[in-house]
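Notes follow once the structure below has been shown.
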Amino acid sequence: MAAKLVEIGKFDSLKQKVILEPNSKNINQKAITLSLALGVVLMLIKFFAYFLTNSTAILTDASESVVNVAAAAFALYSIYISNRPKDRNHPYGHGKIEFFSSGLEGTMIILAGLLMIIPAVYSFLEKSPITEINNGIWLVLITMFINGILGYYLISVGNRNDSIALKADGKHLLVDSFSSAALVVGLLLVKWTGQSYIDGVLALILAVFIIYNGVKILRKSVSGLMDELDEDTFKTLLEILNNNRKESWIDVHNLRVQKYGADIHVDCHLTLPYYLSLEDAHTQVGLFEDMVESNYPFEVEVFIHSDPCIPECCHYCQVKNCPVRKEEFTGIKKWTRNRILSNAKHFVE
Ligand SMILES: [Zn+2]
Ligand SMILES: [Zn+2]
Ligand SMILES: [Zn+2]
């Protein structure tokens, strides 16, 4: 009977995922393709604006947009790869490549920021007059709006589908949009005050801002590659566990999560009554896996090590009519962050 439940449960969760999955992955692919295409157009506009105005700040902005195109191209490739199903060579799937993508994006942003410093300093030494400033401002404004809207769109799709490659590309474009806004302010100041050194000062400030954001994006992807505990994912899991716990699952501990893009691999210890037959224990493990898989919004693989209960567990064990109970039940222990993460049964505080 219980085994049959597992079968039905498995089928349901599979069906649900087949509907959910191709959609979210297709949308990621479309969003990043759009980013690449618009990135090329914006790059051309920015270089045109530089040739028009001769402004150092616009040149740095334009060179940085070369980075956008390269980063979006790699993000497109990595989202394409990460959408591939598991295979023999990659038994955990291909999702990790998204962390490389966002890491590369962060690194390229940092490099672009560093490279901006050179022409900025150079512009203090040799002043070439800025020309056609009005047209320059208009062109930069156009790229600012497109980058802002596109960046916001990529971040919202990235959040919904938990794609770090998309989120990194979106944040990158938002940063670019902010720097374009600063650029416009600077060009206006140059126009009103006639002081062209403002252009160089602004380029320097932009460079620092861009480097700071590159470091933030890089930091996030390193934490993904290092399998650092992802608090948001863990919070979701903890909620799923607490809302669906069953009395025969005496406790869950030593839970670890690895992220593969949006998909996760979970392993944990599950304490079960020691007298269960291997078949019954296997059924409980199956029910537990299925419960997590059907509640988590993306693909999950759960791997469980089962622990036999010991008398110290009895006071919080909810199994009714337990034939071997050694101590009275004194109350449920809530599955807290600490208890779930530590490598000990829940009688250890
Ligand atoms: Zn254990
Ligand atoms: Zn099995
Ligand atoms: Zn017991």
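A note on labels: chains of the structure tokens are A, B, ... as shown, every chain counts residues from 1, and ligands are counted from 1 in their shown order.
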
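Residues in contact range of Cys309 of chain A, defined as at most 9 Å between only C-alpha atoms, with sequence neighbours fewer than 3 positions away removed, read A:Ile250, A:Thr271, A:Leu272, A:Pro273, A:Tyr274, A:Tyr275, A:Glu312, A:Cys313, A:Cys314, A:Cys317, A:Lys345.
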
Selection to disk with N, CA and C atoms, as an mmCIF file, in the first residue's frame:
data_model
loop_
_atom_site.group_PDB
_atom_site.id
_atom_site.type_symbol
_atom_site.label_atom_id
_atom_site.label_comp_id
_atom_site.auth_asym_id
_atom_site.auth_seq_id
_atom_site.Cartn_x
_atom_site.Cartn_y
_atom_site.Cartn_z
ATOM 1 N N ILE A 250 11.390 10.611 12.634
ATOM 2 C CA ILE A 250 11.642 11.084 13.994
ATOM 3 C C ILE A 250 12.451 12.382 13.993
ATOM 4 N N THR A 271 16.113 10.029 10.739
ATOM 5 C CA THR A 271 16.023 9.058 11.833
ATOM 6 C C THR A 271 14.671 8.353 11.771
ATOM 7 N N LEU A 272 14.716 7.024 11.703
ATOM 8 C CA LEU A 272 13.500 6.211 11.591
ATOM 9 C C LEU A 272 13.482 5.203 12.744
ATOM 10 N N PRO A 273 12.290 4.673 13.109
ATOM 11 C CA PRO A 273 12.231 3.639 14.149
ATOM 12 C C PRO A 273 13.171 2.486 13.781
ATOM 13 N N TYR A 274 13.988 2.056 14.749
ATOM 14 C CA TYR A 274 15.056 1.105 14.414
ATOM 15 C C TYR A 274 14.537 -0.260 13.988
ATOM 16 N N TYR A 275 13.271 -0.563 14.377
ATOM 17 C CA TYR A 275 12.750 -1.906 14.120
ATOM 18 C C TYR A 275 12.077 -2.040 12.753
ATOM 19 N N GLU A 312 17.233 7.789 23.472
ATOM 20 C CA GLU A 312 17.260 9.238 23.700
ATOM 21 C C GLU A 312 16.279 9.983 22.795
ATOM 22 N N CYS A 313 15.851 9.337 21.684
ATOM 23 C CA CYS A 313 14.922 9.992 20.758
ATOM 24 C C CYS A 313 13.481 9.918 21.263
ATOM 25 N N CYS A 314 13.198 8.968 22.171
ATOM 26 C CA CYS A 314 11.805 8.666 22.508
ATOM 27 C C CYS A 314 11.018 9.887 22.987
ATOM 28 N N CYS A 317 9.792 11.591 19.999
ATOM 29 C CA CYS A 317 9.326 10.742 18.901
ATOM 30 C C CYS A 317 7.800 10.655 18.940
ATOM 31 N N LYS A 345 21.449 13.894 16.099
ATOM 32 C CA LYS A 345 20.010 13.715 16.293
ATOM 33 C C LYS A 345 19.502 14.831 17.201
#

Considering only C-alpha atoms and all ligand atoms, tabulate each residue of chain A that lies at most 8 Å from ligand 1 along with its nearest interatomic pair and the corresponding distance in Å to one decimal; arrange the rows by chain and ascending residue number and present them as JSON lines.
{"residue": "A:His253", "atom": "CA", "partner": "ligand 1", "partner_atom_place_in_ligand_line": "1 (Zn)", "distance": 6.4}
{"residue": "A:Asn254", "atom": "CA", "partner": "ligand 1", "partner_atom_place_in_ligand_line": "1 (Zn)", "distance": 6.7}
{"residue": "A:His269", "atom": "CA", "partner": "ligand 1", "partner_atom_place_in_ligand_line": "1 (Zn)", "distance": 5.0}
{"residue": "A:Leu270", "atom": "CA", "partner": "ligand 1", "partner_atom_place_in_ligand_line": "1 (Zn)", "distance": 7.0}
{"residue": "A:Thr271", "atom": "CA", "partner": "ligand 1", "partner_atom_place_in_ligand_line": "1 (Zn)", "distance": 7.1}
{"residue": "A:His305", "atom": "CA", "partner": "ligand 1", "partner_atom_place_in_ligand_line": "1 (Zn)", "distance": 7.5}
{"residue": "A:Ser306", "atom": "CA", "partner": "ligand 1", "partner_atom_place_in_ligand_line": "1 (Zn)", "distance": 7.3}
{"residue": "A:Asp307", "atom": "CA", "partner": "ligand 1", "partner_atom_place_in_ligand_line": "1 (Zn)", "distance": 5.5}
{"residue": "A:Asn343", "atom": "CA", "partner": "ligand 1", "partner_atom_place_in_ligand_line": "1 (Zn)", "distance": 6.2}
{"residue": "A:Ala344", "atom": "CA", "partner": "ligand 1", "partner_atom_place_in_ligand_line": "1 (Zn)", "distance": 5.7}
{"residue": "A:Lys345", "atom": "CA", "partner": "ligand 1", "partner_atom_place_in_ligand_line": "1 (Zn)", "distance": 6.1}

Save out the residues we just selected, C-alpha atoms, as a CSV table (one decimal), in the first residue's frame.
chain,number,residue,atom,x,y,z
A,253,HIS,CA,19.7,16.3,10.5
A,254,ASN,CA,23.0,16.9,8.7
A,269,HIS,CA,20.1,11.9,7.6
A,270,LEU,CA,16.6,10.7,8.4
A,271,THR,CA,16.0,9.1,11.8
A,305,HIS,CA,21.1,8.2,4.9
A,306,SER,CA,18.7,6.5,7.3
A,307,ASP,CA,19.6,6.5,11.0
A,343,ASN,CA,25.2,16.5,12.3
A,344,ALA,CA,23.4,15.1,15.4
A,345,LYS,CA,20.0,13.7,16.3

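With distances restricted to only C-alpha atoms, A:Asn83 is the closest residue to Asn23 of chain A from A:Asn83, A:Trp335, A:Tyr152, A:Glu247.
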
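Shell of Thr131 of chain A at 10 Å, with only C-alpha atoms counted and residues fewer than 3 places along the chain excluded, is Tyr50, Phe51, Leu52, Thr53, Asn54, Ser55, Ser128, Asn134, Asn135, Gly136 and Lys191 of chain A.
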
Could those selected residues go to a file with N, CA and C atoms, as a short mmCIF file (atom, residue, chain, number, x, y, z; two decimals), in the first residue's frame?
data_model
loop_
_atom_site.label_atom_id
_atom_site.label_comp_id
_atom_site.auth_asym_id
_atom_site.auth_seq_id
_atom_site.Cartn_x
_atom_site.Cartn_y
_atom_site.Cartn_z
N TYR A 50 30.62 58.36 -29.15
CA TYR A 50 32.00 58.79 -28.85
C TYR A 50 32.61 59.54 -30.03
N PHE A 51 32.45 58.98 -31.25
CA PHE A 51 33.04 59.64 -32.42
C PHE A 51 32.44 61.02 -32.64
N LEU A 52 31.18 61.15 -32.23
CA LEU A 52 30.50 62.43 -32.36
C LEU A 52 31.05 63.45 -31.37
N THR A 53 31.26 63.01 -30.11
CA THR A 53 31.53 63.97 -29.03
C THR A 53 33.00 64.06 -28.64
N ASN A 54 33.76 62.96 -28.86
CA ASN A 54 35.15 62.95 -28.43
C ASN A 54 35.27 62.92 -26.90
N SER A 55 34.21 62.51 -26.20
CA SER A 55 34.23 62.53 -24.74
C SER A 55 34.86 61.27 -24.17
N SER A 128 41.29 67.16 -25.01
CA SER A 128 40.75 67.38 -26.34
C SER A 128 39.32 67.87 -26.14
N ASN A 134 25.24 67.91 -27.19
CA ASN A 134 23.80 67.62 -27.09
C ASN A 134 23.43 66.27 -27.69
N ASN A 135 23.95 66.02 -28.90
CA ASN A 135 23.66 64.73 -29.53
C ASN A 135 24.21 63.58 -28.70
N GLY A 136 25.40 63.81 -28.11
CA GLY A 136 26.00 62.79 -27.25
C GLY A 136 25.07 62.46 -26.10
N LYS A 191 28.87 71.05 -20.05
CA LYS A 191 28.23 72.00 -20.96
C LYS A 191 27.98 73.33 -20.25
#

Self-check item: d(atom CA of Leu173 of chain A, atom CA of Gly148 of chain A) in Å
Solution: 6.6 Å

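When only C-alpha atoms are used to compute distances to Ile110 of chain A, the closest of the residues A:Glu64, A:Glu228, A:Glu289, A:Glu299 turns out to be A:Glu64.
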
At a cut-off of 9 Å, using only C-alpha atoms, what residues contact segment 153-158 of chain A? Leave out same-chain residues fewer than 5 positions from it and give the result as a PDB file with all heavy atoms, in the first residue's frame.
ATOM      1  N   SER A  24      10.157  27.557 -18.057  1.00  0.00           N
ATOM      2  CA  SER A  24      11.068  28.474 -17.390  1.00  0.00           C
ATOM      3  C   SER A  24      12.410  28.485 -18.103  1.00  0.00           C
ATOM      4  O   SER A  24      13.059  29.508 -18.217  1.00  0.00           O
ATOM      5  CB  SER A  24      11.221  28.093 -15.919  1.00  0.00           C
ATOM      6  OG  SER A  24      11.912  26.882 -15.805  1.00  0.00           O
ATOM      7  N   ILE A  27      12.186  30.473 -21.375  1.00  0.00           N
ATOM      8  CA  ILE A  27      12.123  31.912 -21.123  1.00  0.00           C
ATOM      9  C   ILE A  27      13.522  32.452 -20.828  1.00  0.00           C
ATOM     10  O   ILE A  27      13.913  33.501 -21.333  1.00  0.00           O
ATOM     11  CB  ILE A  27      11.146  32.213 -19.962  1.00  0.00           C
ATOM     12  CG1 ILE A  27       9.715  31.922 -20.426  1.00  0.00           C
ATOM     13  CG2 ILE A  27      11.260  33.660 -19.509  1.00  0.00           C
ATOM     14  CD1 ILE A  27       8.690  31.921 -19.320  1.00  0.00           C
ATOM     15  N   ASN A  28      14.300  31.706 -20.032  1.00  0.00           N
ATOM     16  CA  ASN A  28      15.680  32.125 -19.755  1.00  0.00           C
ATOM     17  C   ASN A  28      16.458  32.309 -21.047  1.00  0.00           C
ATOM     18  O   ASN A  28      17.173  33.289 -21.235  1.00  0.00           O
ATOM     19  CB  ASN A  28      16.400  31.065 -18.917  1.00  0.00           C
ATOM     20  CG  ASN A  28      15.876  31.003 -17.500  1.00  0.00           C
ATOM     21  OD1 ASN A  28      15.080  31.843 -17.103  1.00  0.00           O
ATOM     22  ND2 ASN A  28      16.316  30.020 -16.753  1.00  0.00           N
ATOM     23  N   ALA A  31      15.282  35.374 -22.966  1.00  0.00           N
ATOM     24  CA  ALA A  31      15.670  36.625 -22.312  1.00  0.00           C
ATOM     25  C   ALA A  31      17.134  36.943 -22.586  1.00  0.00           C
ATOM     26  O   ALA A  31      17.485  38.082 -22.901  1.00  0.00           O
ATOM     27  CB  ALA A  31      15.415  36.529 -20.809  1.00  0.00           C
ATOM     28  N   ILE A  32      17.995  35.931 -22.513  1.00  0.00           N
ATOM     29  CA  ILE A  32      19.422  36.208 -22.679  1.00  0.00           C
ATOM     30  C   ILE A  32      19.756  36.479 -24.153  1.00  0.00           C
ATOM     31  O   ILE A  32      20.650  37.266 -24.466  1.00  0.00           O
ATOM     32  CB  ILE A  32      20.290  35.061 -22.079  1.00  0.00           C
ATOM     33  CG1 ILE A  32      21.734  35.520 -21.892  1.00  0.00           C
ATOM     34  CG2 ILE A  32      20.235  33.803 -22.891  1.00  0.00           C
ATOM     35  CD1 ILE A  32      21.918  36.614 -20.888  1.00  0.00           C
ATOM     36  N   SER A  35      19.045  40.007 -24.651  1.00  0.00           N
ATOM     37  CA  SER A  35      20.104  40.820 -24.059  1.00  0.00           C
ATOM     38  C   SER A  35      21.303  40.922 -24.997  1.00  0.00           C
ATOM     39  O   SER A  35      21.892  41.984 -25.165  1.00  0.00           O
ATOM     40  CB  SER A  35      20.523  40.216 -22.716  1.00  0.00           C
ATOM     41  OG  SER A  35      21.708  40.808 -22.262  1.00  0.00           O
ATOM     42  N   GLY A 148      18.331  50.012 -18.726  1.00  0.00           N
ATOM     43  CA  GLY A 148      17.584  49.975 -17.472  1.00  0.00           C
ATOM     44  C   GLY A 148      16.410  49.013 -17.552  1.00  0.00           C
ATOM     45  O   GLY A 148      16.234  48.147 -16.691  1.00  0.00           O
ATOM     46  N   SER A 163      17.813  31.801 -11.993  1.00  0.00           N
ATOM     47  CA  SER A 163      18.962  31.655 -12.890  1.00  0.00           C
ATOM     48  C   SER A 163      19.999  32.723 -12.548  1.00  0.00           C
ATOM     49  O   SER A 163      19.782  33.909 -12.774  1.00  0.00           O
ATOM     50  CB  SER A 163      18.520  31.810 -14.344  1.00  0.00           C
ATOM     51  OG  SER A 163      19.643  32.024 -15.175  1.00  0.00           O
ATOM     52  N   ILE A 164      21.137  32.285 -11.982  1.00  0.00           N
ATOM     53  CA  ILE A 164      22.142  33.263 -11.548  1.00  0.00           C
ATOM     54  C   ILE A 164      22.806  33.925 -12.751  1.00  0.00           C
ATOM     55  O   ILE A 164      23.199  35.097 -12.691  1.00  0.00           O
ATOM     56  CB  ILE A 164      23.182  32.627 -10.597  1.00  0.00           C
ATOM     57  CG1 ILE A 164      24.054  33.719  -9.975  1.00  0.00           C
ATOM     58  CG2 ILE A 164      24.014  31.571 -11.292  1.00  0.00           C
ATOM     59  CD1 ILE A 164      24.998  33.246  -8.900  1.00  0.00           C
ATOM     60  N   ALA A 165      22.896  33.205 -13.886  1.00  0.00           N
ATOM     61  CA  ALA A 165      23.501  33.792 -15.085  1.00  0.00           C
ATOM     62  C   ALA A 165      22.656  34.970 -15.571  1.00  0.00           C
ATOM     63  O   ALA A 165      23.184  36.032 -15.911  1.00  0.00           O
ATOM     64  CB  ALA A 165      23.633  32.743 -16.183  1.00  0.00           C
ATOM     65  N   LEU A 166      21.341  34.788 -15.569  1.00  0.00           N
ATOM     66  CA  LEU A 166      20.444  35.870 -15.993  1.00  0.00           C
ATOM     67  C   LEU A 166      20.500  37.037 -15.019  1.00  0.00           C
ATOM     68  O   LEU A 166      20.552  38.194 -15.421  1.00  0.00           O
ATOM     69  CB  LEU A 166      18.999  35.371 -16.043  1.00  0.00           C
ATOM     70  CG  LEU A 166      18.424  34.905 -17.367  1.00  0.00           C
ATOM     71  CD1 LEU A 166      16.923  34.741 -17.225  1.00  0.00           C
ATOM     72  CD2 LEU A 166      18.736  35.876 -18.483  1.00  0.00           C
ATOM     73  N   LYS A 167      20.474  36.713 -13.716  1.00  0.00           N
ATOM     74  CA  LYS A 167      20.493  37.776 -12.712  1.00  0.00           C
ATOM     75  C   LYS A 167      21.772  38.603 -12.837  1.00  0.00           C
ATOM     76  O   LYS A 167      21.735  39.829 -12.757  1.00  0.00           O
ATOM     77  CB  LYS A 167      20.388  37.183 -11.296  1.00  0.00           C
ATOM     78  CG  LYS A 167      18.961  36.841 -10.903  1.00  0.00           C
ATOM     79  CD  LYS A 167      18.874  36.477  -9.430  1.00  0.00           C
ATOM     80  CE  LYS A 167      19.091  34.994  -9.234  1.00  0.00           C
ATOM     81  NZ  LYS A 167      18.854  34.549  -7.853  1.00  0.00           N
ATOM     82  N   ALA A 168      22.912  37.909 -13.047  1.00  0.00           N
ATOM     83  CA  ALA A 168      24.190  38.625 -13.163  1.00  0.00           C
ATOM     84  C   ALA A 168      24.168  39.542 -14.378  1.00  0.00           C
ATOM     85  O   ALA A 168      24.593  40.696 -14.310  1.00  0.00           O
ATOM     86  CB  ALA A 168      25.345  37.630 -13.258  1.00  0.00           C
ATOM     87  N   ASP A 169      23.644  39.042 -15.498  1.00  0.00           N
ATOM     88  CA  ASP A 169      23.601  39.864 -16.704  1.00  0.00           C
ATOM     89  C   ASP A 169      22.675  41.067 -16.490  1.00  0.00           C
ATOM     90  O   ASP A 169      22.988  42.182 -16.894  1.00  0.00           O
ATOM     91  CB  ASP A 169      23.135  39.023 -17.904  1.00  0.00           C
ATOM     92  CG  ASP A 169      23.579  39.643 -19.221  1.00  0.00           C
ATOM     93  OD1 ASP A 169      24.783  39.927 -19.350  1.00  0.00           O
ATOM     94  OD2 ASP A 169      22.725  39.866 -20.101  1.00  0.00           O
ATOM     95  N   GLY A 170      21.549  40.826 -15.818  1.00  0.00           N
ATOM     96  CA  GLY A 170      20.608  41.909 -15.544  1.00  0.00           C
ATOM     97  C   GLY A 170      21.213  42.975 -14.640  1.00  0.00           C
ATOM     98  O   GLY A 170      21.085  44.172 -14.902  1.00  0.00           O
ATOM     99  N   LYS A 171      21.913  42.536 -13.569  1.00  0.00           N
ATOM    100  CA  LYS A 171      22.534  43.503 -12.656  1.00  0.00           C
ATOM    101  C   LYS A 171      23.586  44.312 -13.392  1.00  0.00           C
ATOM    102  O   LYS A 171      23.731  45.513 -13.185  1.00  0.00           O
ATOM    103  CB  LYS A 171      23.175  42.771 -11.474  1.00  0.00           C
ATOM    104  CG  LYS A 171      22.166  42.388 -10.414  1.00  0.00           C
ATOM    105  CD  LYS A 171      22.821  41.627  -9.279  1.00  0.00           C
ATOM    106  CE  LYS A 171      21.766  40.967  -8.408  1.00  0.00           C
ATOM    107  NZ  LYS A 171      22.318  39.825  -7.663  1.00  0.00           N
ATOM    108  N   LEU A 173      23.578  45.135 -16.522  1.00  0.00           N
ATOM    109  CA  LEU A 173      22.938  46.160 -17.353  1.00  0.00           C
ATOM    110  C   LEU A 173      22.397  47.315 -16.505  1.00  0.00           C
ATOM    111  O   LEU A 173      22.445  48.472 -16.912  1.00  0.00           O
ATOM    112  CB  LEU A 173      21.817  45.541 -18.192  1.00  0.00           C
ATOM    113  CG  LEU A 173      22.288  44.502 -19.214  1.00  0.00           C
ATOM    114  CD1 LEU A 173      21.133  44.066 -20.092  1.00  0.00           C
ATOM    115  CD2 LEU A 173      23.421  45.047 -20.071  1.00  0.00           C
TER     116      LEU A 173
END

Quiz item: Among segment 132-311 of chain A, which ones does DSSP place in alpha helix (DSSP H), written as a PyMOL selection string?
Solution: chain A and resi 133-160+164-193+197-225+231-243+278-295
